[in-house]
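> Sharing a structure below in C-alpha cells format, with a few things to ask.
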Amino acid sequence: MAQRQPGLSRLELPGWKTALNWMAALLLAVLFLISGVWKITDAPGAAMRMAQARVPESLTLFTAVAFGIAETVAGILILVPRFRRWGAFLTAGLLTAFLVYFAINYGALHGADCSCFPWLKRVVGPGFFVGDGVMLLLAAVAGWWSKPPGSLRSAILVLSAVVVFALVSYGVEITRQTGTRAPATVSVDGKPYSLQSGRIFLFFFDPQCMHCFDASKQMAHYHWGDTKVIAIPVEKPQYSADFLQMTGLSAVVTQDFELLKKVFGFTTYPYGVALQDGREKAALSQFDGAEPEATLRKLRFVE
C-alpha cells in the first residue's frame, strides 16, 4: 500500500486551521484590493484624502499611487496560496506603517477620516487602532498557517502587471482631463454666464473645508488680470458668500456643480479647472506651497 511521505504529512493542516487561514486571507484580500484599486483608478481623489491626513501636498499624488500599488499587490499575493506568506508580510508591513503614522499624528488627526477606503468612514480614534490591530491578527493567521512561498519570478510578474495597470490608469486620467469642452454657460445669479471666451478658472470648494479656506485665502492674493474666477460649492452652497467674503477671493458663484462635475469628472476638493476659450487647459488638485500659482502662472492665468 502507498504511504504518505513524512515531508508531505508535516505540511498538512487540520481542517479548522485551513478554514481560518482562508477566511483571514479572503477578508484581507477584499479589503486591500478595494482600497488599492480605488487609489490607482482615482489617484486625484486618493491624493485629496492623503492631504487631509497631513501628507505634504507635493507628495500626495505619489503616495496615493504608491500605496495603491502596494495594497493591490498585497491583496493579490495573500489571495494565492503559494504567495500567501509574502502577501501576509506585505499587509502586515502596510498596517504597521499606518498605525505608526497615525499614532505619531494622533493629536492633529483625532476624529478625522483615516483616508483608507472610498466608501467606509473610519475616523482616527481608539476604534481605528483596534480595527487595524484585528487586521494585523488576520495577517498573522494568514501568514503563519500558509505554505512556504514559491516562484519569486511569478510574484515579480504580479508586481509588474500592477505597476503597468497603475501607469495606464494615471495616463488615461491625465489624457481625459485635458482639452475637454466646457458647457456653453452656467447659471450665475439666475442668469446665463458664458464659459466659451477668455480665461476662466473654475474653483470647486466646500465652504466647511479648512484646506479649501486656506487655498482660497492664498488665491485671493494672486494677480488674476483678465482671468475670471467662478466658485462652485460642492456642499453647503448657502455658505458660499460668507466663505468668499472671509477669504477675500473675488469670484462669482454658480450652483451648477452637477453639470460641471459630469463634464470635468470632479473627484476632490479643493479642485480647479483652467479654461481658455471654452476648452480645458489643465486640472489642478494641488493647493499647497507653490501650487496652484506656479501652474496658473505657466498657463498665464495669473500675472
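Simple scheme: letters A, B, ... for chains in C-alpha cells order, numbers from 1 for residues in each chain, numbers from 1 for ligands in the order shown.
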Excluding same-chain residues fewer than 6 positions from range 232-236 of chain A, what lies within 7 Å of it counting only C-alpha atoms, as a VMD selection string?
chain A and resid 203 to 207 253 to 255 257
> Filtering to C-alpha atoms, could you give me those residues as a PDB file, in the first residue's frame?

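Output file again.pdb follows:
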ATOM      1  CA  PHE A 203     -12.752  76.616  -8.287  1.00  0.00           C
ATOM      2  CA  PHE A 204     -14.518  73.648  -6.657  1.00  0.00           C
ATOM      3  CA  PHE A 205     -14.695  74.004  -2.876  1.00  0.00           C
ATOM      4  CA  ASP A 206     -16.560  73.109   0.278  1.00  0.00           C
ATOM      5  CA  PRO A 207     -17.260  76.148   2.497  1.00  0.00           C
ATOM      6  CA  VAL A 253     -20.680  81.730  -7.661  1.00  0.00           C
ATOM      7  CA  THR A 254     -22.567  79.128  -9.661  1.00  0.00           C
ATOM      8  CA  GLN A 255     -24.688  76.337  -8.240  1.00  0.00           C
ATOM      9  CA  PHE A 257     -21.966  71.662  -9.577  1.00  0.00           C
TER      10      PHE A 257
END
> Running DSSP on the backbone, which parts of range 136-240 of chain A land in strand (DSSP E), as a compact mmCIF listing (two decimals) with C-alpha atoms, in the first residue's frame?

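Written file, out.txt:
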# COMPACT_ATOMS: atom_id res chain seq x y z
CA THR A 185 -22.97 78.52 -19.98
CA VAL A 186 -23.57 78.12 -16.29
CA SER A 187 -26.06 79.96 -14.14
CA VAL A 188 -24.79 82.89 -12.04
CA LYS A 191 -28.58 84.41 -15.47
CA PRO A 192 -26.52 82.54 -18.11
CA TYR A 193 -22.77 83.06 -17.76
CA SER A 194 -20.63 82.13 -20.76
CA ARG A 199 -9.52 82.63 -19.46
CA ILE A 200 -11.76 81.23 -16.74
CA PHE A 201 -10.73 79.43 -13.55
CA LEU A 202 -13.30 77.07 -12.03
CA PHE A 203 -12.75 76.62 -8.29
CA PHE A 204 -14.52 73.65 -6.66
CA PHE A 205 -14.69 74.00 -2.88
CA LYS A 228 -12.42 85.29 -14.41
CA VAL A 229 -12.86 83.11 -11.33
CA ILE A 230 -16.01 81.06 -10.86
CA ALA A 231 -16.52 79.38 -7.48
CA ILE A 232 -18.51 76.14 -7.39
CA PRO A 233 -19.65 74.94 -3.94
> Can you list, as a list in words, every protein, DNA or RNA residue that comes within 7 Å of Ser146 in chain A when you count only C-alpha atoms, leaving out same-chain residues fewer than 2 positions away?
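Surrounding residues, per the criterion: Pro81, Arg84, Arg85, Ala142, Gly143, Trp144 and Pro148 of chain A.
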> Give me the residues within 10 Å of Ala108 in chain A as a PDB file with C-alpha atoms, in the first residue's frame, counting only C-alpha atoms and dropping any in the same chain fewer than 6 places off.

ATOM      1  CA  ALA A  53      -4.287  63.115   6.508  1.00  0.00           C
ATOM      2  CA  ARG A  54      -1.489  65.711   6.613  1.00  0.00           C
ATOM      3  CA  PHE A 102      -1.490  57.826  12.771  1.00  0.00           C
ATOM      4  CA  VAL A 124      -8.973  58.271  13.779  1.00  0.00           C
TER       5      VAL A 124
END
> Nearest to Arg279 in chain A: which of A:Ala70, A:Ala182, A:Val141, A:Ala294 is it, counting only C-alpha atoms?
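Ranking A:Ala70, A:Ala182, A:Val141, A:Ala294 by distance to Arg279 in chain A, first place goes to A:Ala182.
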> Hey, can you check how far CA of Ile78 in chain A sits from CA of Asn21 in chain A?
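Computed distance, CA of Ile78 in chain A to CA of Asn21 in chain A, equals 10.3 Å.
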> Which one is closest to Ile76 in chain A: A:Tyr106, A:Asp42, A:Ala29, A:Leu152? Count only C-alpha atoms.
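Using only C-alpha atoms, the shortest distance to Ile76 in chain A belongs to A:Ala29.
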> Could you name the residues that touch Leu284 in chain A at 12 Å or less, counting only C-alpha atoms, but leaving out those on the same chain fewer than 5 positions away, as a PDB file with N, CA and C atoms, in the first residue's frame?

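In the end it all went to out07.pdb:
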ATOM      1  N   PRO A  44      -6.382  61.266  -8.101  1.00  0.00           N
ATOM      2  CA  PRO A  44      -6.632  62.598  -7.543  1.00  0.00           C
ATOM      3  C   PRO A  44      -7.495  62.557  -6.287  1.00  0.00           C
ATOM      4  N   GLY A  45      -8.548  61.723  -6.299  1.00  0.00           N
ATOM      5  CA  GLY A  45      -9.383  61.614  -5.115  1.00  0.00           C
ATOM      6  C   GLY A  45      -8.629  61.044  -3.929  1.00  0.00           C
ATOM      7  N   ALA A  47      -5.424  61.271  -3.522  1.00  0.00           N
ATOM      8  CA  ALA A  47      -4.455  62.294  -3.123  1.00  0.00           C
ATOM      9  C   ALA A  47      -5.095  63.322  -2.204  1.00  0.00           C
ATOM     10  N   MET A  48      -6.378  63.643  -2.474  1.00  0.00           N
ATOM     11  CA  MET A  48      -7.079  64.572  -1.594  1.00  0.00           C
ATOM     12  C   MET A  48      -7.187  64.003  -0.186  1.00  0.00           C
ATOM     13  N   LEU A  61       0.056  62.830  -4.419  1.00  0.00           N
ATOM     14  CA  LEU A  61      -0.257  62.016  -5.592  1.00  0.00           C
ATOM     15  C   LEU A  61       0.653  60.790  -5.661  1.00  0.00           C
ATOM     16  N   ILE A 174      -5.035  61.565 -16.951  1.00  0.00           N
ATOM     17  CA  ILE A 174      -4.423  62.815 -17.389  1.00  0.00           C
ATOM     18  C   ILE A 174      -4.921  63.198 -18.777  1.00  0.00           C
ATOM     19  N   GLN A 177      -8.382  64.593 -18.744  1.00  0.00           N
ATOM     20  CA  GLN A 177      -8.541  65.886 -18.107  1.00  0.00           C
ATOM     21  C   GLN A 177      -8.017  67.042 -18.953  1.00  0.00           C
ATOM     22  N   THR A 178      -7.613  66.833 -20.169  1.00  0.00           N
ATOM     23  CA  THR A 178      -7.105  67.926 -20.986  1.00  0.00           C
ATOM     24  C   THR A 178      -7.909  68.041 -22.258  1.00  0.00           C
ATOM     25  N   PHE A 201     -11.188  80.416 -14.536  1.00  0.00           N
ATOM     26  CA  PHE A 201     -10.729  79.426 -13.555  1.00  0.00           C
ATOM     27  C   PHE A 201     -11.921  78.963 -12.728  1.00  0.00           C
ATOM     28  N   LEU A 202     -12.232  77.665 -12.819  1.00  0.00           N
ATOM     29  CA  LEU A 202     -13.302  77.070 -12.025  1.00  0.00           C
ATOM     30  C   LEU A 202     -12.710  76.550 -10.719  1.00  0.00           C
ATOM     31  N   PHE A 203     -13.275  76.991  -9.604  1.00  0.00           N
ATOM     32  CA  PHE A 203     -12.752  76.616  -8.287  1.00  0.00           C
ATOM     33  C   PHE A 203     -13.821  75.833  -7.535  1.00  0.00           C
ATOM     34  N   PHE A 204     -13.606  74.506  -7.407  1.00  0.00           N
ATOM     35  CA  PHE A 204     -14.518  73.648  -6.657  1.00  0.00           C
ATOM     36  C   PHE A 204     -14.095  73.672  -5.184  1.00  0.00           C
ATOM     37  N   ALA A 215      -6.712  77.586   0.774  1.00  0.00           N
ATOM     38  CA  ALA A 215      -6.420  77.743  -0.656  1.00  0.00           C
ATOM     39  C   ALA A 215      -7.053  79.012  -1.202  1.00  0.00           C
ATOM     40  N   PHE A 264     -16.291  67.526 -16.176  1.00  0.00           N
ATOM     41  CA  PHE A 264     -14.864  67.521 -15.845  1.00  0.00           C
ATOM     42  C   PHE A 264     -14.451  66.391 -14.904  1.00  0.00           C
ATOM     43  N   PHE A 266     -15.089  65.700 -11.640  1.00  0.00           N
ATOM     44  CA  PHE A 266     -14.633  66.135 -10.320  1.00  0.00           C
ATOM     45  C   PHE A 266     -14.446  64.947  -9.376  1.00  0.00           C
ATOM     46  N   THR A 267     -13.323  64.913  -8.657  1.00  0.00           N
ATOM     47  CA  THR A 267     -13.067  63.835  -7.710  1.00  0.00           C
ATOM     48  C   THR A 267     -12.650  64.337  -6.329  1.00  0.00           C
ATOM     49  N   THR A 268     -12.340  65.599  -6.193  1.00  0.00           N
ATOM     50  CA  THR A 268     -11.732  66.053  -4.956  1.00  0.00           C
ATOM     51  C   THR A 268     -12.000  67.534  -4.746  1.00  0.00           C
ATOM     52  N   TYR A 269     -11.750  68.025  -3.547  1.00  0.00           N
ATOM     53  CA  TYR A 269     -11.744  69.464  -3.305  1.00  0.00           C
ATOM     54  C   TYR A 269     -10.703  69.786  -2.242  1.00  0.00           C
ATOM     55  N   PRO A 270     -10.067  70.954  -2.328  1.00  0.00           N
ATOM     56  CA  PRO A 270     -10.229  71.954  -3.395  1.00  0.00           C
ATOM     57  C   PRO A 270      -9.739  71.409  -4.736  1.00  0.00           C
ATOM     58  N   TYR A 271     -10.342  71.917  -5.790  1.00  0.00           N
ATOM     59  CA  TYR A 271     -10.051  71.426  -7.132  1.00  0.00           C
ATOM     60  C   TYR A 271     -10.262  72.578  -8.105  1.00  0.00           C
ATOM     61  N   GLY A 272      -9.431  72.627  -9.126  1.00  0.00           N
ATOM     62  CA  GLY A 272      -9.560  73.722 -10.084  1.00  0.00           C
ATOM     63  C   GLY A 272      -9.470  73.241 -11.512  1.00  0.00           C
ATOM     64  N   VAL A 273     -10.141  73.947 -12.395  1.00  0.00           N
ATOM     65  CA  VAL A 273     -10.068  73.670 -13.821  1.00  0.00           C
ATOM     66  C   VAL A 273      -9.800  74.987 -14.534  1.00  0.00           C
ATOM     67  N   ALA A 274      -8.720  75.036 -15.293  1.00  0.00           N
ATOM     68  CA  ALA A 274      -8.377  76.230 -16.071  1.00  0.00           C
ATOM     69  C   ALA A 274      -8.956  76.085 -17.475  1.00  0.00           C
ATOM     70  N   LEU A 275      -9.812  77.034 -17.868  1.00  0.00           N
ATOM     71  CA  LEU A 275     -10.438  77.033 -19.187  1.00  0.00           C
ATOM     72  C   LEU A 275      -9.913  78.187 -20.026  1.00  0.00           C
ATOM     73  N   GLU A 291       1.872  75.721  -5.392  1.00  0.00           N
ATOM     74  CA  GLU A 291       0.709  75.432  -6.231  1.00  0.00           C
ATOM     75  C   GLU A 291      -0.576  75.961  -5.589  1.00  0.00           C
ATOM     76  N   PRO A 292      -1.547  76.384  -6.420  1.00  0.00           N
ATOM     77  CA  PRO A 292      -1.597  76.266  -7.881  1.00  0.00           C
ATOM     78  C   PRO A 292      -0.978  77.451  -8.630  1.00  0.00           C
ATOM     79  N   GLU A 293      -0.347  78.384  -7.884  1.00  0.00           N
ATOM     80  CA  GLU A 293       0.157  79.593  -8.532  1.00  0.00           C
ATOM     81  C   GLU A 293       1.159  79.266  -9.638  1.00  0.00           C
ATOM     82  N   ALA A 294       2.068  78.319  -9.390  1.00  0.00           N
ATOM     83  CA  ALA A 294       3.098  78.009 -10.385  1.00  0.00           C
ATOM     84  C   ALA A 294       2.464  77.546 -11.698  1.00  0.00           C
ATOM     85  N   THR A 295       1.492  76.651 -11.601  1.00  0.00           N
ATOM     86  CA  THR A 295       0.825  76.163 -12.813  1.00  0.00           C
ATOM     87  C   THR A 295       0.018  77.256 -13.481  1.00  0.00           C
ATOM     88  N   LEU A 296      -0.701  78.025 -12.700  1.00  0.00           N
ATOM     89  CA  LEU A 296      -1.523  79.106 -13.268  1.00  0.00           C
ATOM     90  C   LEU A 296      -0.643  80.171 -13.927  1.00  0.00           C
ATOM     91  N   LEU A 299       0.487  78.888 -17.238  1.00  0.00           N
ATOM     92  CA  LEU A 299      -0.609  78.956 -18.208  1.00  0.00           C
ATOM     93  C   LEU A 299      -1.018  80.392 -18.536  1.00  0.00           C
TER      94      LEU A 299
END
> Report, in Å with one decimal, the straight-line distance from CA of Thr180 in chain A to CA of Gly225 in chain A.
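Separation of CA of Thr180 in chain A and CA of Gly225 in chain A: 23.7 Å.
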> Quote the spacing between CA of Gln208 in chain A and CA of Val55 in chain A in Å to one decimal place.
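It comes out at 20.0 Å.
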> Nearest residue to Met135 in chain A out of A:Thr96, A:Thr63, A:Ser169, A:Ser58, using only C-alpha atoms?
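The answer is A:Thr96, which sits nearest to Met135 in chain A.
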> Find the residues around Val65 in chain A up to 7 Å (only C-alpha atoms counted), leave out those fewer than 2 positions away in its own chain, and share them as a count of residues only.
9
